[in-house]
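Trainee: Input target.txt, format and content: compact mmCIF, C-alpha atoms and all ligand atoms.
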# COMPACT_ATOMS: atom_id res chain seq x y z
CA MET T 1 62.12 106.40 113.42
CA PRO T 2 64.61 108.91 111.92
CA THR T 3 63.32 110.78 108.91
CA ASP T 4 66.40 110.97 106.70
CA GLY T 5 64.98 108.38 104.29
CA PHE T 6 67.74 105.94 105.17
CA ASP T 7 66.47 102.41 105.67
CA ALA T 8 69.03 100.56 107.78
CA VAL T 9 66.93 97.39 107.91
CA GLN T 10 66.67 97.20 104.15
CA LEU T 11 70.37 97.88 103.56
CA ALA T 12 71.25 95.26 106.17
CA ASP T 13 69.07 92.72 104.36
CA ARG T 14 70.77 93.47 101.07
CA ILE T 15 74.19 93.04 102.70
CA ARG T 16 73.17 89.74 104.29
CA SER T 17 71.88 88.47 100.96
CA GLY T 18 75.35 89.04 99.52
CA GLU T 19 74.69 92.05 97.34
CA ARG T 20 78.12 93.51 96.75
CA ARG T 21 76.89 96.99 95.85
CA ALA T 22 75.11 97.19 99.18
CA LEU T 23 78.25 96.17 101.04
CA ALA T 24 80.34 98.72 99.14
CA LYS T 25 77.79 101.42 99.89
CA ALA T 26 77.75 100.50 103.58
CA ILE T 27 81.54 100.70 103.81
CA THR T 28 81.41 104.11 102.16
CA LEU T 29 79.01 105.23 104.90
CA VAL T 30 81.35 103.89 107.58
CA GLU T 31 84.24 105.80 106.01
CA SER T 32 82.36 109.05 105.56
CA THR T 33 83.21 112.03 107.72
CA LEU T 34 79.72 113.54 107.41
CA SER T 35 77.86 113.27 110.68
CA LEU T 36 74.64 112.27 108.88
CA HIS T 37 76.49 109.33 107.30
CA GLN T 38 78.13 108.39 110.59
CA ASP T 39 74.71 108.31 112.14
CA GLN T 40 73.35 106.10 109.41
CA ALA T 41 76.43 103.87 109.62
CA GLN T 42 75.87 103.32 113.34
CA ARG T 43 72.21 102.44 112.78
CA LEU T 44 73.27 99.97 110.11
CA LEU T 45 75.98 98.44 112.30
CA GLU T 46 73.45 97.89 115.05
CA GLU T 47 71.32 95.96 112.55
CA ILE T 48 74.11 93.72 111.32
CA LEU T 49 76.03 93.21 114.57
CA PRO T 50 74.29 89.91 115.42
CA ASP T 51 75.43 88.52 112.04
CA SER T 52 79.07 89.48 112.54
CA GLY T 53 81.94 87.63 114.16
CA ASN T 54 81.85 84.44 112.12
CA SER T 55 84.81 85.00 109.79
CA VAL T 56 88.42 84.04 110.11
CA ARG T 57 90.10 87.40 110.65
CA LEU T 58 93.54 87.42 109.16
CA GLY T 59 96.08 90.25 109.15
CA ILE T 60 99.07 90.41 106.81
CA THR T 61 101.99 92.77 107.02
CA GLY T 62 105.49 93.22 105.64
CA VAL T 63 107.75 95.92 104.25
CA PRO T 64 106.94 97.40 100.81
CA GLY T 65 108.11 95.01 98.10
CA VAL T 66 107.99 91.86 100.25
CA GLY T 67 105.11 90.61 98.12
CA LYS T 68 101.99 91.32 100.20
CA SER T 69 99.72 92.04 97.24
CA THR T 70 101.06 89.06 95.31
CA PHE T 71 100.62 86.83 98.36
CA VAL T 72 97.10 88.04 99.14
CA GLU T 73 96.08 87.36 95.57
CA ALA T 74 97.65 83.89 95.49
CA PHE T 75 96.27 83.01 98.92
CA GLY T 76 92.86 84.42 98.08
CA LEU T 77 92.70 82.35 94.89
CA TYR T 78 93.72 79.28 96.87
CA LEU T 79 90.93 79.90 99.37
CA LEU T 80 88.39 80.30 96.57
CA ARG T 81 89.47 76.94 95.17
CA GLU T 82 88.90 75.53 98.65
CA GLY T 83 85.33 76.76 98.42
CA LYS T 84 85.77 79.79 100.69
CA SER T 85 84.79 83.37 100.02
CA VAL T 86 87.28 86.14 100.76
CA ALA T 87 87.17 89.84 101.53
CA VAL T 88 90.35 91.92 101.43
CA LEU T 89 90.64 95.23 103.26
CA ALA T 90 93.65 97.50 103.42
CA VAL T 91 95.02 99.73 106.14
CA ASP T 92 97.54 102.11 104.71
CA PRO T 93 98.90 104.88 106.94
CA THR T 94 100.53 106.61 103.98
CA SER T 95 97.22 106.99 102.22
CA ALA T 96 95.70 108.45 105.37
CA LYS T 97 98.38 111.13 105.48
CA THR T 98 99.00 112.02 101.89
CA GLY T 99 96.15 110.61 99.83
CA GLY T 100 98.77 108.48 98.08
CA SER T 101 98.92 104.77 98.67
CA ILE T 102 101.58 102.12 98.85
CA LEU T 103 99.08 99.32 99.07
CA GLY T 104 95.38 98.70 98.75
CA ASP T 105 95.88 99.03 95.08
CA LYS T 106 93.02 97.21 93.40
CA THR T 107 94.68 96.86 90.06
CA ARG T 108 97.47 94.84 91.67
CA MET T 109 95.12 91.91 92.27
CA PRO T 110 93.46 91.59 88.87
CA ARG T 111 92.76 87.86 89.12
CA LEU T 112 91.22 88.04 92.56
CA CYS T 113 89.21 91.11 91.58
CA ALA T 114 87.61 89.21 88.75
CA GLU T 115 86.18 86.56 91.10
CA SER T 116 82.59 86.83 92.27
CA ARG T 117 83.34 85.31 95.70
CA ALA T 118 86.08 87.85 96.41
CA PHE T 119 85.54 91.40 97.61
CA ILE T 120 88.43 93.84 97.61
CA ARG T 121 88.36 97.22 99.27
CA PRO T 122 91.28 99.64 99.20
CA SER T 123 92.22 101.69 102.23
CA PRO T 124 90.09 104.63 103.30
CA SER T 125 92.16 107.66 102.38
CA ARG T 126 91.04 110.07 105.07
CA GLY T 127 91.74 110.49 108.72
CA SER T 128 94.31 109.47 111.30
CA LEU T 129 95.53 105.91 111.69
CA GLY T 130 93.14 105.58 114.64
CA GLY T 131 90.27 106.76 112.48
CA VAL T 132 91.21 104.48 109.61
CA ALA T 133 91.52 101.58 112.05
CA SER T 134 88.07 102.18 113.41
CA GLN T 135 86.62 102.38 109.91
CA THR T 136 88.38 99.15 109.01
CA ARG T 137 87.00 97.38 112.08
CA GLU T 138 83.51 98.43 111.12
CA ALA T 139 84.09 97.42 107.50
CA MET T 140 85.16 94.01 108.84
CA LEU T 141 81.86 93.65 110.70
CA LEU T 142 79.99 94.49 107.51
CA CYS T 143 81.96 91.92 105.50
CA GLU T 144 81.20 89.32 108.16
CA ALA T 145 77.50 90.07 107.93
CA ALA T 146 77.84 89.63 104.17
CA GLY T 147 79.05 86.12 104.90
CA TYR T 148 82.68 86.20 103.80
CA ASP T 149 84.49 83.20 105.27
CA VAL T 150 87.90 84.82 105.45
CA LEU T 151 88.75 88.49 105.96
CA ILE T 152 92.24 89.55 105.04
CA THR T 153 93.45 92.91 106.29
CA GLU T 154 96.63 94.00 104.61
CA THR T 155 98.90 96.65 106.02
CA VAL T 156 102.37 97.91 105.42
CA GLY T 157 105.13 97.17 107.90
CA VAL T 158 106.14 100.74 108.60
CA GLY T 159 105.17 102.78 111.64
CA GLN T 160 102.28 101.80 113.83
CA SER T 161 99.85 100.30 111.38
CA GLU T 162 100.99 96.72 111.91
CA VAL T 163 100.42 97.03 115.65
CA THR T 164 97.00 98.44 114.94
CA VAL T 165 96.07 95.65 112.54
CA SER T 166 97.38 92.94 114.85
CA SER T 167 94.90 94.24 117.41
CA MET T 168 91.92 93.61 115.15
CA VAL T 169 92.58 90.12 113.80
CA ASP T 170 92.62 86.53 115.02
CA PHE T 171 95.82 85.66 113.23
CA PHE T 172 98.65 87.95 112.27
CA LEU T 173 100.99 86.81 109.51
CA VAL T 174 104.26 88.62 108.89
CA LEU T 175 105.88 88.30 105.49
CA MET T 176 109.68 88.51 105.40
CA LEU T 177 112.44 88.23 102.86
CA ALA T 178 115.60 86.19 103.16
CA GLY T 179 118.89 88.04 103.18
CA ALA T 180 119.68 91.76 103.31
CA GLY T 181 119.89 91.71 107.10
CA ASP T 182 116.16 91.22 107.33
CA GLU T 183 116.50 88.44 109.86
CA LEU T 184 117.94 90.76 112.45
CA GLN T 185 115.87 93.71 111.38
CA GLY T 186 112.69 91.79 112.09
CA ILE T 187 113.93 90.75 115.50
CA LYS T 188 114.94 94.30 116.40
CA ARG T 189 111.72 95.83 115.28
CA GLY T 190 109.80 93.78 117.74
CA ILE T 191 107.57 92.33 115.09
CA MET T 192 108.33 88.91 116.52
CA GLU T 193 106.38 89.90 119.61
CA PHE T 194 103.03 89.95 117.93
CA ALA T 195 103.44 87.75 114.86
CA ASP T 196 101.37 84.55 114.95
CA ALA T 197 103.50 83.20 112.12
CA ILE T 198 106.23 84.26 109.76
CA ALA T 199 106.21 83.44 106.06
CA ILE T 200 109.44 83.92 104.19
CA ASN T 201 108.31 84.93 100.73
CA LYS T 202 110.11 84.63 97.40
CA ALA T 203 111.41 81.20 98.36
CA ASP T 204 111.86 80.35 94.69
CA GLY T 205 114.64 80.01 92.12
CA GLU T 206 118.06 80.91 93.45
CA ASN T 207 116.52 82.22 96.62
CA VAL T 208 115.49 78.86 98.05
CA THR T 209 118.70 78.19 99.98
CA ALA T 210 118.75 81.64 101.56
CA ALA T 211 115.07 81.28 102.45
CA LYS T 212 115.71 77.96 104.22
CA ARG T 213 118.58 79.54 106.14
CA ALA T 214 116.40 82.46 107.18
CA GLN T 215 113.69 80.01 108.22
CA ALA T 216 116.12 78.29 110.61
CA GLU T 217 117.25 81.62 112.06
CA TYR T 218 113.71 82.84 112.63
CA ARG T 219 112.74 79.56 114.22
CA GLY T 220 115.64 79.85 116.62
CA ALA T 221 114.82 83.43 117.50
CA LEU T 222 111.14 82.66 118.03
CA ARG T 223 111.92 79.69 120.26
CA LEU T 224 113.94 82.02 122.47
CA LEU T 225 111.39 84.81 122.50
CA ARG T 226 108.10 82.94 122.44
CA GLY T 227 109.07 79.39 123.40
CA HIS T 228 106.85 79.50 126.48
CA ASP T 229 103.76 80.93 124.77
CA SER T 230 100.83 78.58 124.25
CA TRP T 231 101.28 79.18 120.52
CA VAL T 232 104.85 79.34 119.24
CA PRO T 233 104.76 81.12 115.85
CA PRO T 234 105.69 78.74 113.02
CA VAL T 235 107.96 79.84 110.17
CA HIS T 236 107.11 78.84 106.60
CA CYS T 237 108.80 79.34 103.26
CA VAL T 238 106.40 80.42 100.51
CA SER T 239 106.45 81.69 96.97
CA ALA T 240 103.55 83.98 96.26
CA ILE T 241 104.48 84.27 92.61
CA GLU T 242 104.59 80.50 92.12
CA GLU T 243 101.61 80.10 94.46
CA ARG T 244 103.46 77.63 96.64
CA GLY T 245 103.00 77.19 100.36
CA MET T 246 99.40 78.41 100.40
CA ALA T 247 97.92 75.11 101.64
CA GLU T 248 100.50 74.94 104.45
CA VAL T 249 99.73 78.46 105.57
CA TRP T 250 96.00 77.78 105.57
CA ALA T 251 96.47 74.52 107.50
CA MET T 252 98.57 76.35 110.07
CA ILE T 253 95.88 79.01 110.50
CA GLY T 254 93.38 76.22 111.02
CA ASN T 255 95.57 74.61 113.71
CA HIS T 256 95.93 77.92 115.49
CA ARG T 257 92.19 78.39 115.37
CA SER T 258 91.31 74.99 116.78
CA GLN T 259 93.90 75.30 119.53
CA LEU T 260 92.77 78.77 120.60
CA THR T 261 89.09 77.97 120.28
CA GLU T 262 89.44 74.95 122.49
CA SER T 263 91.41 76.80 125.16
CA GLY T 264 89.03 79.76 125.10
CA GLU T 265 91.88 82.08 124.09
CA LEU T 266 90.28 83.10 120.82
CA ALA T 267 87.13 84.36 122.51
CA ALA T 268 89.27 86.09 125.15
CA LYS T 269 91.41 87.71 122.47
CA ARG T 270 88.37 89.06 120.66
CA ARG T 271 86.90 90.35 123.91
CA SER T 272 90.05 92.20 124.85
CA GLN T 273 90.37 93.60 121.31
CA GLN T 274 86.83 94.88 121.58
CA ASP T 275 87.57 96.41 124.95
CA ALA T 276 90.68 98.13 123.65
CA TRP T 277 88.73 99.46 120.67
CA PHE T 278 86.03 100.82 122.98
CA TRP T 279 88.53 102.62 125.19
CA ALA T 280 90.46 103.96 122.23
CA MET T 281 87.22 105.46 120.91
CA VAL T 282 86.38 106.95 124.31
CA GLU T 283 89.85 108.44 124.75
CA ASP T 284 89.82 109.78 121.24
CA GLY T 285 86.40 111.37 121.70
CA LEU T 286 87.24 112.87 125.09
CA LYS T 287 90.43 114.41 123.78
CA ARG T 288 88.79 115.79 120.66
CA ARG T 289 85.90 117.34 122.58
CA PHE T 290 88.07 118.76 125.32
CA LEU T 291 90.64 120.27 122.96
CA GLY T 292 87.87 121.69 120.80
CA ARG T 293 86.54 123.91 123.63
CA GLU T 294 87.25 127.65 123.33
CA ASP T 295 88.28 128.06 126.99
CA VAL T 296 90.65 125.10 126.65
CA LYS T 297 92.22 126.49 123.49
CA GLN T 298 92.74 129.86 125.11
CA LEU T 299 94.29 128.55 128.32
CA LEU T 300 96.42 126.16 126.30
CA ARG T 301 98.01 129.03 124.38
CA GLY T 302 98.97 130.78 127.63
CA LEU T 303 100.25 127.60 129.23
CA SER T 304 102.41 126.65 126.31
CA SER T 305 104.19 130.01 126.30
CA GLU T 306 104.68 129.72 130.08
CA MET T 307 106.18 126.29 129.53
CA SER T 308 108.56 127.50 126.84
CA ALA T 309 109.65 130.32 129.15
CA SER T 310 110.24 127.70 131.88
CA GLN T 311 107.77 129.43 134.18
CA ILE T 312 105.73 126.29 134.73
CA THR T 313 106.38 122.55 134.59
CA PRO T 314 104.44 120.34 132.19
CA SER T 315 102.74 118.59 135.10
CA GLN T 316 101.62 121.90 136.62
CA ALA T 317 100.39 123.01 133.21
CA ALA T 318 98.47 119.77 132.74
CA ARG T 319 96.86 120.13 136.15
CA ARG T 320 95.75 123.68 135.41
CA LEU T 321 94.33 122.69 132.06
CA LEU T 322 92.39 119.78 133.53
CA GLU T 323 90.96 122.06 136.22
CA LEU T 324 88.74 123.37 133.43
CA LEU T 325 86.83 120.11 133.74
CA GLY T 326 85.75 121.19 137.23
CA GLY T 327 84.98 118.58 139.85
N1 LIG J 401 110.49 85.92 92.92
C1 LIG J 401 109.39 86.32 93.56
N2 LIG J 401 108.95 87.58 93.38
C2 LIG J 401 107.82 87.96 94.05
C3 LIG J 401 107.12 87.07 94.89
N3 LIG J 401 106.08 87.73 95.40
C4 LIG J 401 106.13 88.97 94.92
N4 LIG J 401 107.18 89.13 94.08
C5 LIG J 401 107.54 90.33 93.33
O1 LIG J 401 107.95 91.33 94.26
C6 LIG J 401 107.50 92.62 93.83
C7 LIG J 401 106.68 93.28 94.92
O2 LIG J 401 105.49 92.55 95.09
P1 LIG J 401 104.17 93.20 95.72
O3 LIG J 401 103.18 92.10 95.86
O4 LIG J 401 103.75 94.39 94.96
O5 LIG J 401 104.73 93.64 97.15
P2 LIG J 401 104.03 94.54 98.30
O6 LIG J 401 104.61 95.91 98.16
O7 LIG J 401 104.46 93.92 99.57
O8 LIG J 401 102.57 94.50 98.08
C8 LIG J 401 106.73 92.41 92.54
O9 LIG J 401 107.59 92.66 91.46
C9 LIG J 401 106.37 90.93 92.61
O10 LIG J 401 106.23 90.36 91.32
C10 LIG J 401 107.61 85.72 95.01
O11 LIG J 401 107.07 84.88 95.71
N5 LIG J 401 108.76 85.42 94.32
MG MG J 402 101.15 95.95 97.69
The structure in this file should be written as structure tokens.
Mentor:
Amino acid sequence: MPTDGFDAVQLADRIRSGERRALAKAITLVESTLSLHQDQAQRLLEEILPDSGNSVRLGITGVPGVGKSTFVEAFGLYLLREGKSVAVLAVDPTSAKTGGSILGDKTRMPRLCAESRAFIRPSPSRGSLGGVASQTREAMLLCEAAGYDVLITETVGVGQSEVTVSSMVDFFLVLMLAGAGDELQGIKRGIMEFADAIAINKADGENVTAAKRAQAEYRGALRLLRGHDSWVPPVHCVSAIEERGMAEVWAMIGNHRSQLTESGELAAKRRSQQDAWFWAMVEDGLKRRFLGREDVKQLLRGLSSEMSASQITPSQAARRLLELLGG
């Protein structure tokens, strides 16, 4: 029994009984960079692991301004009315880099925040995207142990974070806007490859016609790209601000879930996500430990000047560096 005074069993019990302060504290441990806290976090995760895995894991992305926060709030409130409990987590690569944040802003979901069956956690603001992703995955496990029915992970559609989030959820929803060349932009950016559905937001007022047109275009594009997949991503029009389309989106997520559960694809997806997470952690750890060694640092300096002077090829340099591993 470790002697740091930390009682993982007790904290796990408090999380399971739905105590929000305990959950918040546990997520803080998971996010901490102190090795003592990381230790405690791992002991806690071991405790709660058997209680995890029972939530609907939902990822939401879209460019800044598309209405993610507004949608998450409207959708979250809808789910609460349906008798579900909801936890919202954010993955924000900008906050990881700069300490600033373009999402995960608590104050932007005031109505959802006020609800006792909703838990909202902004993005951890430290570390690389890989680090933030790992912390978010562990935070998800904690929220599942706390019994939240639906976990929503929100990320911004810039850079790699949407790929990262799509690899940790059961269902990945991409929010889009009609007009402004977005239809083609989305297709080019490859987001269609890993979306499980597209929701065209702001389908209200004068925007309805354009939204319907965009819906037809996306449907066409997805039929071409994904027509042979077992799940062809549906395209919905929604208005987050008017809270319309929420029931349709939830019904669609339910259809996806029954189909993939029945075929065994959901379990397979989660297994391969877990595998990828494991290997990412191993690779990350190996690289960090190797590059942290004094002999490696020293040789690396020499090799990189030899490379810039064209005295050695990158593959020769890599081979010489790896020789330090022996064997
Ligand atoms: N007309 C309309 N405006 C919306 C809708 N959803 C969000 N907005 C507005 O779009 C802006 C950006 O929304 P926000 O949720 O902050 O976007 P995020 O950056 O993706 O999180 C805000 O001014 C919202 O009020 C919608 O469904 N219809
Ligand atoms: Mg936002």
Trainee: Residues contacting ligand LIG 401 (chain J) - anything with an atom at most 9 Å away, using all atoms listed in the file - can you give me those as an mmCIF file with C-alpha atoms, in the frame of the given file?
Mentor:
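Dumped everything to out-v7.cif:
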data_model
loop_
_atom_site.group_PDB
_atom_site.id
_atom_site.type_symbol
_atom_site.label_atom_id
_atom_site.label_comp_id
_atom_site.auth_asym_id
_atom_site.auth_seq_id
_atom_site.Cartn_x
_atom_site.Cartn_y
_atom_site.Cartn_z
ATOM 1 C CA THR T 61 101.990 92.770 107.020
ATOM 2 C CA GLY T 62 105.490 93.220 105.640
ATOM 3 C CA VAL T 63 107.750 95.920 104.250
ATOM 4 C CA PRO T 64 106.940 97.400 100.810
ATOM 5 C CA GLY T 65 108.110 95.010 98.100
ATOM 6 C CA VAL T 66 107.990 91.860 100.250
ATOM 7 C CA GLY T 67 105.110 90.610 98.120
ATOM 8 C CA LYS T 68 101.990 91.320 100.200
ATOM 9 C CA SER T 69 99.720 92.040 97.240
ATOM 10 C CA THR T 70 101.060 89.060 95.310
ATOM 11 C CA PHE T 71 100.620 86.830 98.360
ATOM 12 C CA VAL T 72 97.100 88.040 99.140
ATOM 13 C CA GLU T 73 96.080 87.360 95.570
ATOM 14 C CA ILE T 102 101.580 102.120 98.850
ATOM 15 C CA LEU T 103 99.080 99.320 99.070
ATOM 16 C CA GLY T 104 95.380 98.700 98.750
ATOM 17 C CA ASP T 105 95.880 99.030 95.080
ATOM 18 C CA ARG T 108 97.470 94.840 91.670
ATOM 19 C CA MET T 109 95.120 91.910 92.270
ATOM 20 C CA GLU T 154 96.630 94.000 104.610
ATOM 21 C CA THR T 155 98.900 96.650 106.020
ATOM 22 C CA VAL T 156 102.370 97.910 105.420
ATOM 23 C CA GLY T 157 105.130 97.170 107.900
ATOM 24 C CA LEU T 175 105.880 88.300 105.490
ATOM 25 C CA ILE T 200 109.440 83.920 104.190
ATOM 26 C CA ASN T 201 108.310 84.930 100.730
ATOM 27 C CA LYS T 202 110.110 84.630 97.400
ATOM 28 C CA ALA T 203 111.410 81.200 98.360
ATOM 29 C CA ASP T 204 111.860 80.350 94.690
ATOM 30 C CA GLY T 205 114.640 80.010 92.120
ATOM 31 C CA ASN T 207 116.520 82.220 96.620
ATOM 32 C CA VAL T 238 106.400 80.420 100.510
ATOM 33 C CA SER T 239 106.450 81.690 96.970
ATOM 34 C CA ALA T 240 103.550 83.980 96.260
ATOM 35 C CA ILE T 241 104.480 84.270 92.610
ATOM 36 C CA GLU T 242 104.590 80.500 92.120
ATOM 37 C CA GLU T 243 101.610 80.100 94.460
ATOM 38 C CA ARG T 244 103.460 77.630 96.640
#
Trainee: Near Val235 (chain T), counting all atoms listed in the file, which residues have an atom at most 7 Å away, once you skip same-chain residues fewer than 3 positions from it, shown as an MDAnalysis selection string?
Mentor: chainID T and resid 197:199 215 218:219
Trainee: Please provide as a PyMOL selection string all residues within 10 Å of Lys269 (chain T), with the sequence filter that same-chain residues fewer than 2 positions apart are discarded (counting all atoms listed in the file).
Mentor: chain T and resi 167-170+260+264-267+271-275
Trainee: Would you save the residues from that selection as a PDB file, in the coordinates of the input, using C-alpha atoms?
Mentor:
ATOM      1  CA  SER T 167      94.900  94.240 117.410  1.00  0.00           C
ATOM      2  CA  MET T 168      91.920  93.610 115.150  1.00  0.00           C
ATOM      3  CA  VAL T 169      92.580  90.120 113.800  1.00  0.00           C
ATOM      4  CA  ASP T 170      92.620  86.530 115.020  1.00  0.00           C
ATOM      5  CA  LEU T 260      92.770  78.770 120.600  1.00  0.00           C
ATOM      6  CA  GLY T 264      89.030  79.760 125.100  1.00  0.00           C
ATOM      7  CA  GLU T 265      91.880  82.080 124.090  1.00  0.00           C
ATOM      8  CA  LEU T 266      90.280  83.100 120.820  1.00  0.00           C
ATOM      9  CA  ALA T 267      87.130  84.360 122.510  1.00  0.00           C
ATOM     10  CA  ARG T 271      86.900  90.350 123.910  1.00  0.00           C
ATOM     11  CA  SER T 272      90.050  92.200 124.850  1.00  0.00           C
ATOM     12  CA  GLN T 273      90.370  93.600 121.310  1.00  0.00           C
ATOM     13  CA  GLN T 274      86.830  94.880 121.580  1.00  0.00           C
ATOM     14  CA  ASP T 275      87.570  96.410 124.950  1.00  0.00           C
TER      15      ASP T 275
END
Trainee: Got a sec: who's within 10 Å of region 299-304 of chain T, counting all atoms listed in the file, leaving out chain neighbours fewer than 2 positions off, as a PDB file with C-alpha atoms, in the coordinates of the input?
Mentor:
ATOM      1  CA  LEU T 291      90.640 120.270 122.960  1.00  0.00           C
ATOM      2  CA  GLU T 294      87.250 127.650 123.330  1.00  0.00           C
ATOM      3  CA  ASP T 295      88.280 128.060 126.990  1.00  0.00           C
ATOM      4  CA  VAL T 296      90.650 125.100 126.650  1.00  0.00           C
ATOM      5  CA  LYS T 297      92.220 126.490 123.490  1.00  0.00           C
ATOM      6  CA  GLU T 306     104.680 129.720 130.080  1.00  0.00           C
ATOM      7  CA  MET T 307     106.180 126.290 129.530  1.00  0.00           C
ATOM      8  CA  SER T 308     108.560 127.500 126.840  1.00  0.00           C
ATOM      9  CA  ALA T 309     109.650 130.320 129.150  1.00  0.00           C
ATOM     10  CA  SER T 310     110.240 127.700 131.880  1.00  0.00           C
ATOM     11  CA  GLN T 311     107.770 129.430 134.180  1.00  0.00           C
ATOM     12  CA  ILE T 312     105.730 126.290 134.730  1.00  0.00           C
ATOM     13  CA  THR T 313     106.380 122.550 134.590  1.00  0.00           C
ATOM     14  CA  PRO T 314     104.440 120.340 132.190  1.00  0.00           C
ATOM     15  CA  GLN T 316     101.620 121.900 136.620  1.00  0.00           C
ATOM     16  CA  ALA T 317     100.390 123.010 133.210  1.00  0.00           C
ATOM     17  CA  ALA T 318      98.470 119.770 132.740  1.00  0.00           C
ATOM     18  CA  ARG T 320      95.750 123.680 135.410  1.00  0.00           C
ATOM     19  CA  LEU T 321      94.330 122.690 132.060  1.00  0.00           C
ATOM     20  CA  LEU T 324      88.740 123.370 133.430  1.00  0.00           C
TER      21      LEU T 324
END
Trainee: List the residues sitting within 8 Å of (73.4, 85.2, 105.9) in the file's frame, using only C-alpha atoms, as an NGL selection string.
Mentor: :T and (16-18 or 51 or 145-147)
Trainee: Given the choices T:Ala251, T:Arg21, T:Tyr78, T:Ala12, which gets closest to Pro50 (chain T) if the distance is worked out from all atoms listed in the file?
Mentor: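 So, comparing all the options, the nearest one is T:Ala12.
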Trainee: Can you measure CA of Thr153 (chain T) to CA of Val9 (chain T) for me? One decimal in Å is fine.
Mentor: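 Atom-to-atom, CA of Thr153 (chain T) to CA of Val9 (chain T), that is 26.9 Å.
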Trainee: CA of Arg226 (chain T) and CA of Phe194 (chain T), how far apart in Å?
Mentor: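 Rounded to one decimal, the two atoms are 9.8 Å apart.
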Trainee: Which residue gives the smallest distance to ligand MG 402 (chain J) among T:Ser85, T:Gln135, T:Ala22, T:Asp92, with only C-alpha atoms and all ligand atoms counted?
Mentor: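 The shortest atom-to-atom distance to ligand MG 402 (chain J) comes from T:Asp92.
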Trainee: Kindly indicate which residue among T:Ser315, T:Gln10, T:Ser55, T:Ser123 lies nearest to Arg43 (chain T), using all atoms listed in the file for the distances.
Mentor: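 Among the listed residues, T:Gln10 lies closest to Arg43 (chain T).
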Trainee: Could you name the residues that touch Met140 (chain T) at 12 Å or less, counting only C-alpha atoms, but leaving out those on the same chain fewer than 5 positions away, as a ChimeraX atom specification?
Mentor: /T:23-24,26-27,30,45,48-49,51-59,86-91,119-121,133-135,145-153,165,168-169
Trainee: Nearest to ligand MG 402 (chain J): which of T:Arg20, T:Pro122, T:Arg14, T:Val282 is it, counting all atoms listed in the file?
Mentor: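 Ranking T:Arg20, T:Pro122, T:Arg14, T:Val282 by distance to ligand MG 402 (chain J), first place goes to T:Pro122.
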Trainee: Just how far from CA of Arg137 (chain T) is CA of Glu283 (chain T), in Å to one decimal?
Mentor: 17.1 Å
Trainee: Considering only C-alpha atoms, can you say which of T:Val232, T:Gly83, T:Met246, T:Leu141 comes closest to Ala41 (chain T)?
Mentor: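 Distance minimum relative to Ala41 (chain T) lands on T:Leu141.
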Trainee: Please provide the set of residues having any atom within 10 Å of Leu29 (chain T), restricted to all atoms listed in the file, with same-chain residues fewer than 6 positions apart removed, written as a list in words.
Mentor: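 What passes the distance filter is Leu23, Ser35, Leu36, His37, Gln38, Asp39, Gln40, Ala41, Gln42, Leu44, Gln135 and Ala139 of chain T.
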Trainee: Nearest residue to ligand MG 402 (chain J) out of T:Ser258, T:Phe6, T:Ile60, T:Gln298, using all atoms listed in the file?
Mentor: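 Closest candidate: T:Ile60.
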